[in-house]
2 protein chains.
Amino acid sequence: MTSLRPCGAGRGRPRDEAREQAILDAALELLVEVGYERMSMVAIAARARASKATIYRRWTGKDELVVEAIRRRGVDDIGPTDTGSLRGDMLDTAHQMIDHVSRDDAALMAGVLLAMRKSPDLAATLRSQMIEAKRCVGELIVQRAVARGELCSPAAADVFNELAPAMVFSRLLITGEALDDAFIEHMVDDVLLPLMTAVGADSHWRRVS
Amino acid sequence: MTSLRPCGAGRGRPRDEAREQAILDAALELLVEVGYERMSMVAIAARARASKATIYRRWTGKDELVVEAIRRRGVDDIGPTDTGSLRGDMLDTAHQMIDHVSRDDAALMAGVLLAMRKSPDLAATLRSQMIEAKRCVGELIVQRAVARGELCSPAAADVFNELAPAMVFSRLLITGEALDDAFIEHMVDDVLLPLMTAVGADSHWRRVS
DNA sequence: TCAAAACAGTACGGTACTGTACCTAAAATT
DNA sequence: AATTTTAGGTACAGTACCGTACTGTTTTGA
């Protein structure tokens, strides 16, 4: 998918992999800083100390470049530390989510949300990177809690995976409220824990997942 | 705030209020369709059947025009019908929220989310229009439920006002999942009702509100 | 040694938008 | 009637960007 490699067996000077990475890095930085629309190819080239020709030799345009930049960004691996309790694990995970999300993803999301509405390719890549890749986190936390003997609703992992990102993104993108400790405790104690440790009323969780 | 009115007492031809409204309408339509960045003044003028001069006579630039367009858009008044039960009221309200939100607000949000990060003026206007204006809805629903004798946590209104928009926007903007009946029932039965009818664990709700 | 490809740099035409400046017509006040 | 301001329409310079096409220069394989 790195695209546009000529079929030739490698006659002349080979492509410099470092240039490719520099361009992708520059694209990602600019995407975060100014957003998809305002990001220009000249700016990417300048930041990567590359020429436009070097960019267009690899990708056909901005869309393709951005998709690959996001795709290769690598998943933000959140490794929730085992704190000894479900509540502690969730507080820790929430902290990690927020630390990571505020650094990059918020601006990135805002920058490409509009582009997502036009380019399904970009939307799919971004969603897979940011959402699905994080689904394992909820499962891990719940698994530990069950092993510990803490009471957990069978849909507890789904509760976490659906509500935690929703609440964080809502604050971050929409209301603009602070993502401080008070919010994290509020989220964990008033929303997540009550739902995850409840026994009944989880009829739809499996269906909707 | 309609701006730029000349101080003169009304000597020559008066401004046509209808032109102003046409321009604001056109701006809002285009904002929804193509987003803030891609929306051009020429396009606004063309759609409003106005000349650019007529626009620049009233507003200094795109920013000011968009802020006023959103400000004057009027609040989307959701009037939750009294269905006889808290659950029914919430299902109905959620339906109304989604009907209204998918028509305009999602694209509008996506269109201006990035601009919000640059223009605090725009951000404040938009937030006040879309979020704070809807806060009375939760209060009304809970008020009715209490009057009916249905058990409600003291923070029930806050639960509704925080979680319902967060879950809807998350689906709409981030995950892109369907906002169908299954989702609404899931939200009401698995999240909102359990939290709103619970008795304890609402320590933070008042603080954070 | 020589051809081939990649490289940074740059120039180019084409396109699109911005904000201003005009034009003529229309609508109001004095 | 004369004046003033709005109105739609259009032309204009200035700017920015895109994607291509050219410079030499460098790095490889044949």
# chains A, B, ... in the order shown; residues from 1 in each chain; ligands from 1
>>> residues_around(residues="Val66 (chain B)", least_positions_apart="4", cutoff="10 Å", atoms="only C-alpha atoms (C1' of nucleotides)", output="NGL selection string")
:B and (24 or 27-28 or 31 or 36 or 59 or 61-62 or 70-72 or 112 or 122)
>>> write_last_selection(atoms="C-alpha atoms", output="mmCIF file, in the first residue's frame")
data_model
loop_
_atom_site.group_PDB
_atom_site.id
_atom_site.type_symbol
_atom_site.label_atom_id
_atom_site.label_comp_id
_atom_site.auth_asym_id
_atom_site.auth_seq_id
_atom_site.Cartn_x
_atom_site.Cartn_y
_atom_site.Cartn_z
ATOM 1 C CA LEU B 24 -27.374 34.265 6.947
ATOM 2 C CA ALA B 27 -24.160 30.816 5.136
ATOM 3 C CA LEU B 28 -25.723 28.298 7.494
ATOM 4 C CA LEU B 31 -21.670 25.612 6.628
ATOM 5 C CA TYR B 36 -16.279 26.212 7.572
ATOM 6 C CA TRP B 59 -19.782 41.942 8.152
ATOM 7 C CA GLY B 61 -15.346 38.711 7.120
ATOM 8 C CA LYS B 62 -16.295 35.066 7.248
ATOM 9 C CA ILE B 70 -25.241 30.491 14.222
ATOM 10 C CA ARG B 71 -26.302 32.920 16.903
ATOM 11 C CA ARG B 72 -29.464 33.845 15.076
ATOM 12 C CA VAL B 112 -16.908 24.115 12.633
ATOM 13 C CA LEU B 122 -17.315 30.944 17.470
#
>>> interface_residues(of="chain B", to="chain C", cutoff="12 Å", atoms="only C-alpha atoms (C1' of nucleotides)", output="PyMOL selection string")
chain B and resi 8-16+37-43+52-53+55-57+59-62
>>> interface_residues(of="chain D", to="chain B", cutoff="9 Å", atoms="only C-alpha atoms (C1' of nucleotides)", output="mmCIF file with C-alpha atoms (C1' of nucleotides), in the first residue's frame")
data_model
loop_
_atom_site.group_PDB
_atom_site.id
_atom_site.type_symbol
_atom_site.label_atom_id
_atom_site.label_comp_id
_atom_site.auth_asym_id
_atom_site.auth_seq_id
_atom_site.Cartn_x
_atom_site.Cartn_y
_atom_site.Cartn_z
ATOM 1 C "C1'" DT D 3 -28.911 63.724 -2.674
ATOM 2 C "C1'" DT D 4 -27.721 59.710 -0.283
ATOM 3 C "C1'" DT D 5 -27.477 54.980 0.560
ATOM 4 C "C1'" DT D 6 -28.488 50.357 -0.734
ATOM 5 C "C1'" DA D 7 -28.621 46.945 -4.146
ATOM 6 C "C1'" DG D 8 -26.832 43.327 -7.867
ATOM 7 C "C1'" DG D 9 -23.285 42.612 -10.989
#
>>> closest_atom_pairs(of="chain B", to="chain A", cutoff="9 Å", atoms="only C-alpha atoms", output="Markdown table")
| residue | atom | partner | partner_atom | distance |
| --- | --- | --- | --- | --- |
| B:Val34 | CA | A:Leu114 | CA | 8.3 |
| B:Gly35 | CA | A:Leu114 | CA | 7.0 |
| B:Glu37 | CA | A:Glu37 | CA | 6.6 |
| B:Arg38 | CA | A:Glu37 | CA | 7.7 |
| B:Ala107 | CA | A:Leu114 | CA | 7.9 |
| B:Met109 | CA | A:Ile174 | CA | 8.3 |
| B:Ala110 | CA | A:Leu114 | CA | 5.1 |
| B:Gly111 | CA | A:Leu114 | CA | 5.8 |
| B:Val112 | CA | A:Leu114 | CA | 8.6 |
| B:Leu113 | CA | A:Ala110 | CA | 5.6 |
| B:Leu114 | CA | A:Ala110 | CA | 5.1 |
| B:Ala115 | CA | A:Ala110 | CA | 8.8 |
| B:Arg117 | CA | A:Ala107 | CA | 8.1 |
| B:Ala123 | CA | A:Gly176 | CA | 9.0 |
| B:Arg127 | CA | A:Thr175 | CA | 6.4 |
| B:Ile131 | CA | A:Thr175 | CA | 7.3 |
| B:Val159 | CA | A:Val191 | CA | 8.6 |
| B:Glu162 | CA | A:Met167 | CA | 8.3 |
| B:Leu163 | CA | A:Met167 | CA | 7.2 |
| B:Pro165 | CA | A:Ser170 | CA | 8.0 |
| B:Ala166 | CA | A:Ser170 | CA | 5.2 |
| B:Met167 | CA | A:Ala166 | CA | 5.8 |
| B:Val168 | CA | A:Ala166 | CA | 8.6 |
| B:Phe169 | CA | A:Ser170 | CA | 7.2 |
| B:Ser170 | CA | A:Ala166 | CA | 5.2 |
| B:Arg171 | CA | A:Ala166 | CA | 8.1 |
| B:Leu173 | CA | A:Leu113 | CA | 7.2 |
| B:Ile174 | CA | A:Arg127 | CA | 7.1 |
| B:Thr175 | CA | A:Arg127 | CA | 6.4 |
| B:Gly176 | CA | A:Arg127 | CA | 8.6 |
| B:Ala182 | CA | A:Val208 | CA | 7.6 |
| B:Phe183 | CA | A:Val208 | CA | 7.2 |
| B:Glu185 | CA | A:His204 | CA | 7.9 |
| B:His186 | CA | A:His204 | CA | 5.4 |
| B:Met187 | CA | A:His204 | CA | 8.9 |
| B:Asp189 | CA | A:Ala201 | CA | 6.8 |
| B:Asp190 | CA | A:Asp202 | CA | 5.7 |
| B:Val191 | CA | A:Leu195 | CA | 7.2 |
| B:Pro194 | CA | A:Leu195 | CA | 7.4 |
| B:Leu195 | CA | A:Val191 | CA | 7.2 |
| B:Ala198 | CA | A:Pro194 | CA | 8.7 |
| B:Ala201 | CA | A:Asp190 | CA | 5.9 |
| B:Asp202 | CA | A:Asp190 | CA | 5.7 |
| B:Ser203 | CA | A:Asp190 | CA | 7.4 |
| B:His204 | CA | A:His186 | CA | 5.4 |
| B:Trp205 | CA | A:His186 | CA | 7.0 |
| B:Arg207 | CA | A:Ala182 | CA | 8.9 |
| B:Val208 | CA | A:Phe183 | CA | 7.2 |
>>> write_last_selection(atoms="N, CA and C atoms", output="short mmCIF file (atom, residue, chain, number, x, y, z; two decimals), in the first residue's frame")
data_model
loop_
_atom_site.label_atom_id
_atom_site.label_comp_id
_atom_site.auth_asym_id
_atom_site.auth_seq_id
_atom_site.Cartn_x
_atom_site.Cartn_y
_atom_site.Cartn_z
N VAL B 34 -20.62 22.03 3.39
CA VAL B 34 -19.21 21.88 3.04
C VAL B 34 -18.25 22.18 4.18
N GLY B 35 -18.76 22.74 5.28
CA GLY B 35 -17.87 23.04 6.39
C GLY B 35 -17.29 24.44 6.32
N GLU B 37 -14.21 25.66 6.47
CA GLU B 37 -13.02 25.96 5.67
C GLU B 37 -13.35 26.09 4.20
N ARG B 38 -14.18 25.19 3.73
CA ARG B 38 -14.45 25.14 2.30
C ARG B 38 -15.55 26.10 1.87
N ALA B 107 -23.30 17.66 10.84
CA ALA B 107 -22.47 18.25 9.81
C ALA B 107 -21.98 19.63 10.23
N MET B 109 -21.46 20.65 13.28
CA MET B 109 -20.40 20.45 14.26
C MET B 109 -19.10 20.09 13.58
N ALA B 110 -19.17 19.10 12.72
CA ALA B 110 -17.96 18.69 12.02
C ALA B 110 -17.38 19.85 11.24
N GLY B 111 -18.25 20.64 10.67
CA GLY B 111 -17.79 21.75 9.86
C GLY B 111 -17.07 22.82 10.65
N VAL B 112 -17.49 23.01 11.88
CA VAL B 112 -16.91 24.12 12.63
C VAL B 112 -16.02 23.66 13.78
N LEU B 113 -15.92 22.35 13.99
CA LEU B 113 -15.11 21.89 15.12
C LEU B 113 -13.69 22.42 15.04
N LEU B 114 -13.18 22.40 13.84
CA LEU B 114 -11.81 22.89 13.69
C LEU B 114 -11.74 24.39 13.88
N ALA B 115 -12.71 25.07 13.30
CA ALA B 115 -12.73 26.52 13.45
C ALA B 115 -12.88 26.91 14.92
N ARG B 117 -11.49 25.61 17.34
CA ARG B 117 -10.19 25.56 18.01
C ARG B 117 -9.36 26.82 17.73
N ALA B 123 -16.60 29.32 19.08
CA ALA B 123 -16.77 28.16 19.97
C ALA B 123 -17.82 28.45 21.04
N ARG B 127 -21.36 26.48 21.40
CA ARG B 127 -21.62 25.68 22.60
C ARG B 127 -22.88 26.14 23.28
N ILE B 131 -25.51 23.16 23.40
CA ILE B 131 -25.44 22.41 24.64
C ILE B 131 -26.30 23.03 25.72
N VAL B 159 -27.46 13.52 34.94
CA VAL B 159 -27.10 12.29 34.23
C VAL B 159 -27.57 12.37 32.79
N GLU B 162 -25.79 15.07 30.63
CA GLU B 162 -24.40 14.80 30.29
C GLU B 162 -24.26 13.60 29.36
N LEU B 163 -24.96 12.53 29.68
CA LEU B 163 -24.70 11.29 28.95
C LEU B 163 -25.42 11.19 27.61
N PRO B 165 -26.37 13.48 25.28
CA PRO B 165 -25.67 14.13 24.16
C PRO B 165 -24.32 13.49 23.86
N ALA B 166 -23.61 13.09 24.91
CA ALA B 166 -22.29 12.50 24.70
C ALA B 166 -22.40 11.22 23.88
N MET B 167 -23.37 10.38 24.22
CA MET B 167 -23.51 9.11 23.49
C MET B 167 -23.95 9.35 22.06
N VAL B 168 -24.85 10.30 21.88
CA VAL B 168 -25.33 10.57 20.52
C VAL B 168 -24.21 11.15 19.66
N PHE B 169 -23.53 12.14 20.18
CA PHE B 169 -22.45 12.76 19.40
C PHE B 169 -21.34 11.77 19.12
N SER B 170 -21.06 10.93 20.09
CA SER B 170 -20.00 9.96 19.88
C SER B 170 -20.32 9.06 18.69
N ARG B 171 -21.56 8.57 18.67
CA ARG B 171 -21.95 7.72 17.54
C ARG B 171 -21.91 8.49 16.24
N LEU B 173 -20.42 11.43 15.35
CA LEU B 173 -19.19 12.03 14.84
C LEU B 173 -18.03 11.05 14.81
N ILE B 174 -17.94 10.20 15.82
CA ILE B 174 -16.73 9.39 15.94
C ILE B 174 -16.90 8.01 15.34
N THR B 175 -17.77 7.21 15.94
CA THR B 175 -17.84 5.83 15.48
C THR B 175 -18.65 5.68 14.22
N GLY B 176 -19.60 6.60 14.01
CA GLY B 176 -20.39 6.52 12.79
C GLY B 176 -21.46 5.44 12.82
N ALA B 182 -32.78 0.67 18.12
CA ALA B 182 -32.02 -0.22 19.00
C ALA B 182 -31.05 0.57 19.86
N PHE B 183 -30.41 1.54 19.24
CA PHE B 183 -29.48 2.36 20.00
C PHE B 183 -30.20 3.17 21.07
N GLU B 185 -33.02 2.54 22.60
CA GLU B 185 -33.44 1.67 23.71
C GLU B 185 -32.25 1.26 24.56
N HIS B 186 -31.18 0.98 23.88
CA HIS B 186 -29.94 0.63 24.58
C HIS B 186 -29.51 1.76 25.51
N MET B 187 -29.52 2.96 24.98
CA MET B 187 -29.09 4.10 25.77
C MET B 187 -30.01 4.32 26.96
N ASP B 189 -32.35 2.16 28.37
CA ASP B 189 -32.53 1.03 29.29
C ASP B 189 -31.24 0.60 29.97
N ASP B 190 -30.13 0.70 29.26
CA ASP B 190 -28.88 0.17 29.81
C ASP B 190 -28.01 1.22 30.47
N VAL B 191 -28.25 2.47 30.17
CA VAL B 191 -27.39 3.52 30.73
C VAL B 191 -28.20 4.53 31.54
N PRO B 194 -30.90 3.04 34.52
CA PRO B 194 -30.22 2.50 35.71
C PRO B 194 -29.56 3.57 36.55
N LEU B 195 -28.93 4.55 35.89
CA LEU B 195 -28.23 5.59 36.65
C LEU B 195 -29.20 6.58 37.27
N ALA B 198 -31.07 5.01 40.27
CA ALA B 198 -30.24 4.50 41.36
C ALA B 198 -30.33 5.44 42.55
N ALA B 201 -24.30 6.71 45.23
CA ALA B 201 -23.21 6.94 44.28
C ALA B 201 -23.44 8.11 43.34
N ASP B 202 -23.95 9.20 43.87
CA ASP B 202 -24.07 10.38 43.02
C ASP B 202 -23.30 11.54 43.64
N SER B 203 -22.21 11.18 44.28
CA SER B 203 -21.46 12.19 45.01
C SER B 203 -20.94 13.32 44.14
N HIS B 204 -20.49 12.99 42.97
CA HIS B 204 -19.86 14.02 42.16
C HIS B 204 -20.83 14.77 41.25
N TRP B 205 -22.00 14.27 41.07
CA TRP B 205 -22.87 14.84 40.05
C TRP B 205 -23.12 16.31 40.26
N ARG B 207 -21.34 18.57 41.98
CA ARG B 207 -20.11 19.35 41.79
C ARG B 207 -19.82 19.62 40.32
N VAL B 208 -19.84 18.54 39.59
CA VAL B 208 -19.41 18.66 38.20
C VAL B 208 -20.53 19.22 37.34
#
>>> atom_distance(atom1="CA of Arg87 (chain B)", atom2="CA of Ile141 (chain B)")
9.6 Å
>>> decode(residues="chain D", atoms="N, CA and C atoms (P, O5', C5', C4', C3', O3' and C1' of nucleotides)", output="short mmCIF file (atom, residue, chain, number, x, y, z; two decimals), in the first residue's frame")
data_model
loop_
_atom_site.label_atom_id
_atom_site.label_comp_id
_atom_site.auth_asym_id
_atom_site.auth_seq_id
_atom_site.Cartn_x
_atom_site.Cartn_y
_atom_site.Cartn_z
P DA D 1 -38.85 66.46 -11.53
"O5'" DA D 1 -37.50 66.92 -10.92
"C5'" DA D 1 -37.19 68.29 -11.10
"C4'" DA D 1 -36.17 68.66 -10.08
"C3'" DA D 1 -34.83 67.95 -10.24
"O3'" DA D 1 -33.80 68.88 -9.99
"C1'" DA D 1 -35.70 67.51 -8.09
P DA D 2 -32.34 68.48 -10.37
"O5'" DA D 2 -31.75 68.18 -8.91
"C5'" DA D 2 -31.77 69.20 -7.92
"C4'" DA D 2 -31.08 68.71 -6.64
"C3'" DA D 2 -29.80 67.92 -6.89
"O3'" DA D 2 -28.81 68.29 -5.92
"C1'" DA D 2 -31.36 66.57 -5.70
P DT D 3 -27.40 67.57 -5.93
"O5'" DT D 3 -27.55 66.58 -4.72
"C5'" DT D 3 -28.06 67.07 -3.47
"C4'" DT D 3 -28.15 65.93 -2.46
"C3'" DT D 3 -26.94 65.00 -2.42
"O3'" DT D 3 -26.58 64.79 -1.06
"C1'" DT D 3 -28.91 63.72 -2.67
P DT D 4 -25.13 64.25 -0.67
"O5'" DT D 4 -25.51 62.86 -0.01
"C5'" DT D 4 -26.54 62.83 0.99
"C4'" DT D 4 -27.06 61.41 1.16
"C3'" DT D 4 -25.97 60.33 1.18
"O3'" DT D 4 -26.11 59.56 2.35
"C1'" DT D 4 -27.72 59.71 -0.28
P DT D 5 -24.86 58.82 3.00
"O5'" DT D 5 -25.30 57.30 2.87
"C5'" DT D 5 -26.51 56.87 3.46
"C4'" DT D 5 -27.09 55.70 2.69
"C3'" DT D 5 -26.13 54.53 2.48
"O3'" DT D 5 -26.53 53.43 3.29
"C1'" DT D 5 -27.48 54.98 0.56
P DT D 6 -25.73 52.09 3.32
"O5'" DT D 6 -26.61 51.11 2.42
"C5'" DT D 6 -27.95 50.84 2.76
"C4'" DT D 6 -28.66 50.23 1.57
"C3'" DT D 6 -28.09 48.88 1.12
"O3'" DT D 6 -29.01 47.84 1.37
"C1'" DT D 6 -28.49 50.36 -0.73
P DA D 7 -28.56 46.36 1.28
"O5'" DA D 7 -28.63 46.06 -0.28
"C5'" DA D 7 -29.90 45.94 -0.90
"C4'" DA D 7 -29.75 45.90 -2.42
"C3'" DA D 7 -28.75 44.87 -2.94
"O3'" DA D 7 -29.42 43.63 -3.15
"C1'" DA D 7 -28.62 46.95 -4.15
P DG D 8 -28.57 42.36 -3.31
"O5'" DG D 8 -28.29 42.30 -4.87
"C5'" DG D 8 -29.37 42.26 -5.77
"C4'" DG D 8 -28.86 42.35 -7.20
"C3'" DG D 8 -27.90 41.22 -7.59
"O3'" DG D 8 -28.21 40.77 -8.90
"C1'" DG D 8 -26.83 43.33 -7.87
P DG D 9 -27.45 39.51 -9.49
"O5'" DG D 9 -26.24 40.18 -10.30
"C5'" DG D 9 -26.52 41.12 -11.32
"C4'" DG D 9 -25.22 41.70 -11.85
"C3'" DG D 9 -24.12 40.66 -12.09
"O3'" DG D 9 -23.82 40.61 -13.47
"C1'" DG D 9 -23.29 42.61 -10.99
P DT D 10 -22.84 39.51 -14.01
"O5'" DT D 10 -21.44 40.25 -14.06
"C5'" DT D 10 -21.40 41.63 -14.46
"C4'" DT D 10 -20.04 42.22 -14.17
"C3'" DT D 10 -18.86 41.25 -14.36
"O3'" DT D 10 -17.92 41.86 -15.22
"C1'" DT D 10 -18.65 42.43 -12.34
P DA D 11 -16.84 40.99 -15.98
"O5'" DA D 11 -15.56 41.93 -15.85
"C5'" DA D 11 -15.72 43.35 -15.78
"C4'" DA D 11 -14.63 43.93 -14.90
"C3'" DA D 11 -13.27 43.23 -15.06
"O3'" DA D 11 -12.27 44.21 -15.30
"C1'" DA D 11 -13.86 43.39 -12.77
P DC D 12 -10.82 43.80 -15.77
"O5'" DC D 12 -9.95 43.90 -14.44
"C5'" DC D 12 -9.97 45.10 -13.68
"C4'" DC D 12 -9.39 44.88 -12.31
"C3'" DC D 12 -8.15 43.98 -12.30
"O3'" DC D 12 -6.99 44.80 -12.32
"C1'" DC D 12 -9.64 43.56 -10.45
P DA D 13 -5.56 44.11 -12.59
"O5'" DA D 13 -4.99 43.95 -11.12
"C5'" DA D 13 -4.78 45.10 -10.31
"C4'" DA D 13 -4.56 44.70 -8.86
"C3'" DA D 13 -3.28 43.90 -8.61
"O3'" DA D 13 -2.68 44.36 -7.41
"C1'" DA D 13 -5.16 42.66 -7.87
P DG D 14 -1.18 43.95 -7.10
"O5'" DG D 14 -1.40 42.86 -5.95
"C5'" DG D 14 -2.18 43.21 -4.81
"C4'" DG D 14 -2.42 41.97 -3.97
"C3'" DG D 14 -1.22 41.02 -3.92
"O3'" DG D 14 -0.85 40.83 -2.56
"C1'" DG D 14 -3.24 39.85 -4.44
P DT D 15 0.43 39.99 -2.19
"O5'" DT D 15 -0.18 38.57 -1.84
"C5'" DT D 15 -1.31 38.50 -0.97
"C4'" DT D 15 -1.91 37.11 -1.01
"C3'" DT D 15 -0.88 35.99 -0.90
"O3'" DT D 15 -1.02 35.36 0.35
"C1'" DT D 15 -2.60 35.51 -2.49
P DA D 16 0.10 34.32 0.84
"O5'" DA D 16 -0.56 32.91 0.49
"C5'" DA D 16 -1.88 32.64 0.94
"C4'" DA D 16 -2.40 31.41 0.23
"C3'" DA D 16 -1.39 30.27 0.17
"O3'" DA D 16 -1.90 29.15 0.89
"C1'" DA D 16 -2.46 30.63 -1.95
P DC D 17 -0.95 27.99 1.29
"O5'" DC D 17 -1.34 26.84 0.27
"C5'" DC D 17 -2.69 26.46 0.14
"C4'" DC D 17 -2.94 25.87 -1.22
"C3'" DC D 17 -2.02 24.72 -1.60
"O3'" DC D 17 -2.67 23.48 -1.33
"C1'" DC D 17 -2.51 26.18 -3.45
P DC D 18 -1.93 22.11 -1.50
"O5'" DC D 18 -2.25 21.67 -2.98
"C5'" DC D 18 -3.59 21.70 -3.45
"C4'" DC D 18 -3.60 21.39 -4.93
"C3'" DC D 18 -2.76 20.17 -5.31
"O3'" DC D 18 -3.56 19.24 -6.01
"C1'" DC D 18 -2.18 22.07 -6.65
P DG D 19 -3.22 17.70 -5.90
"O5'" DG D 19 -2.38 17.48 -7.23
"C5'" DG D 19 -3.01 17.77 -8.47
"C4'" DG D 19 -1.96 17.98 -9.54
"C3'" DG D 19 -0.88 16.89 -9.60
"O3'" DG D 19 -0.88 16.32 -10.90
"C1'" DG D 19 0.06 19.07 -9.67
P DT D 20 0.24 15.35 -11.37
"O5'" DT D 20 1.14 16.31 -12.26
"C5'" DT D 20 0.51 17.15 -13.23
"C4'" DT D 20 1.55 17.88 -14.06
"C3'" DT D 20 2.70 17.00 -14.54
"O3'" DT D 20 2.90 17.22 -15.93
"C1'" DT D 20 3.54 18.91 -13.38
P DA D 21 4.02 16.41 -16.71
"O5'" DA D 21 5.22 17.45 -16.80
"C5'" DA D 21 4.94 18.81 -17.17
"C4'" DA D 21 6.24 19.59 -17.14
"C3'" DA D 21 7.46 18.79 -17.60
"O3'" DA D 21 8.27 19.56 -18.45
"C1'" DA D 21 7.84 19.66 -15.44
P DC D 22 9.26 18.83 -19.42
"O5'" DC D 22 10.69 19.11 -18.78
"C5'" DC D 22 11.45 20.14 -19.06
"C4'" DC D 22 11.93 20.89 -17.81
"C3'" DC D 22 13.37 20.58 -17.44
"O3'" DC D 22 14.23 21.31 -18.31
"C1'" DC D 22 11.99 20.97 -15.51
P DT D 23 15.69 20.88 -18.46
"O5'" DT D 23 16.40 21.99 -17.55
"C5'" DT D 23 17.58 21.64 -16.87
"C4'" DT D 23 17.64 22.35 -15.55
"C3'" DT D 23 18.85 21.96 -14.72
"O3'" DT D 23 19.89 22.88 -14.98
"C1'" DT D 23 16.85 21.88 -13.40
P DG D 24 21.00 22.59 -16.09
"O5'" DG D 24 22.34 22.56 -15.19
"C5'" DG D 24 22.72 21.33 -14.64
"C4'" DG D 24 22.60 21.35 -13.12
"C3'" DG D 24 23.58 20.38 -12.47
"O3'" DG D 24 24.31 21.01 -11.44
"C1'" DG D 24 21.32 19.91 -11.81
P DT D 25 25.63 20.26 -11.00
"O5'" DT D 25 25.12 19.21 -9.91
"C5'" DT D 25 24.43 19.68 -8.75
"C4'" DT D 25 24.08 18.50 -7.86
"C3'" DT D 25 25.20 17.46 -7.70
"O3'" DT D 25 25.43 17.22 -6.33
"C1'" DT D 25 23.16 16.41 -8.27
P DT D 26 26.63 16.27 -5.88
"O5'" DT D 26 25.85 14.93 -5.54
"C5'" DT D 26 24.80 14.95 -4.57
"C4'" DT D 26 24.13 13.60 -4.51
"C3'" DT D 26 25.08 12.41 -4.29
"O3'" DT D 26 24.61 11.66 -3.20
"C1'" DT D 26 23.61 11.97 -6.10
P DT D 27 25.57 10.62 -2.46
"O5'" DT D 27 24.91 9.24 -2.89
"C5'" DT D 27 23.55 9.02 -2.61
"C4'" DT D 27 23.02 7.88 -3.47
"C3'" DT D 27 23.88 6.60 -3.42
"O3'" DT D 27 23.09 5.53 -2.95
"C1'" DT D 27 23.26 7.13 -5.64
P DT D 28 23.78 4.27 -2.28
"O5'" DT D 28 23.83 3.28 -3.50
"C5'" DT D 28 22.88 2.26 -3.63
"C4'" DT D 28 22.44 2.09 -5.07
"C3'" DT D 28 23.03 0.89 -5.81
"O3'" DT D 28 22.31 -0.28 -5.51
"C1'" DT D 28 22.71 2.81 -7.23
P DG D 29 22.91 -1.68 -5.73
"O5'" DG D 29 22.57 -1.93 -7.27
"C5'" DG D 29 21.21 -2.02 -7.67
"C4'" DG D 29 21.13 -2.16 -9.18
"C3'" DG D 29 21.82 -3.42 -9.73
"O3'" DG D 29 21.05 -3.96 -10.80
"C1'" DG D 29 22.84 -1.47 -10.66
P DA D 30 21.48 -5.29 -11.43
"O5'" DA D 30 22.17 -4.83 -12.77
"C5'" DA D 30 21.37 -4.23 -13.80
"C4'" DA D 30 22.25 -3.88 -14.99
"C3'" DA D 30 23.04 -5.07 -15.56
"O3'" DA D 30 22.95 -5.06 -16.98
"C1'" DA D 30 24.50 -3.27 -15.06
#
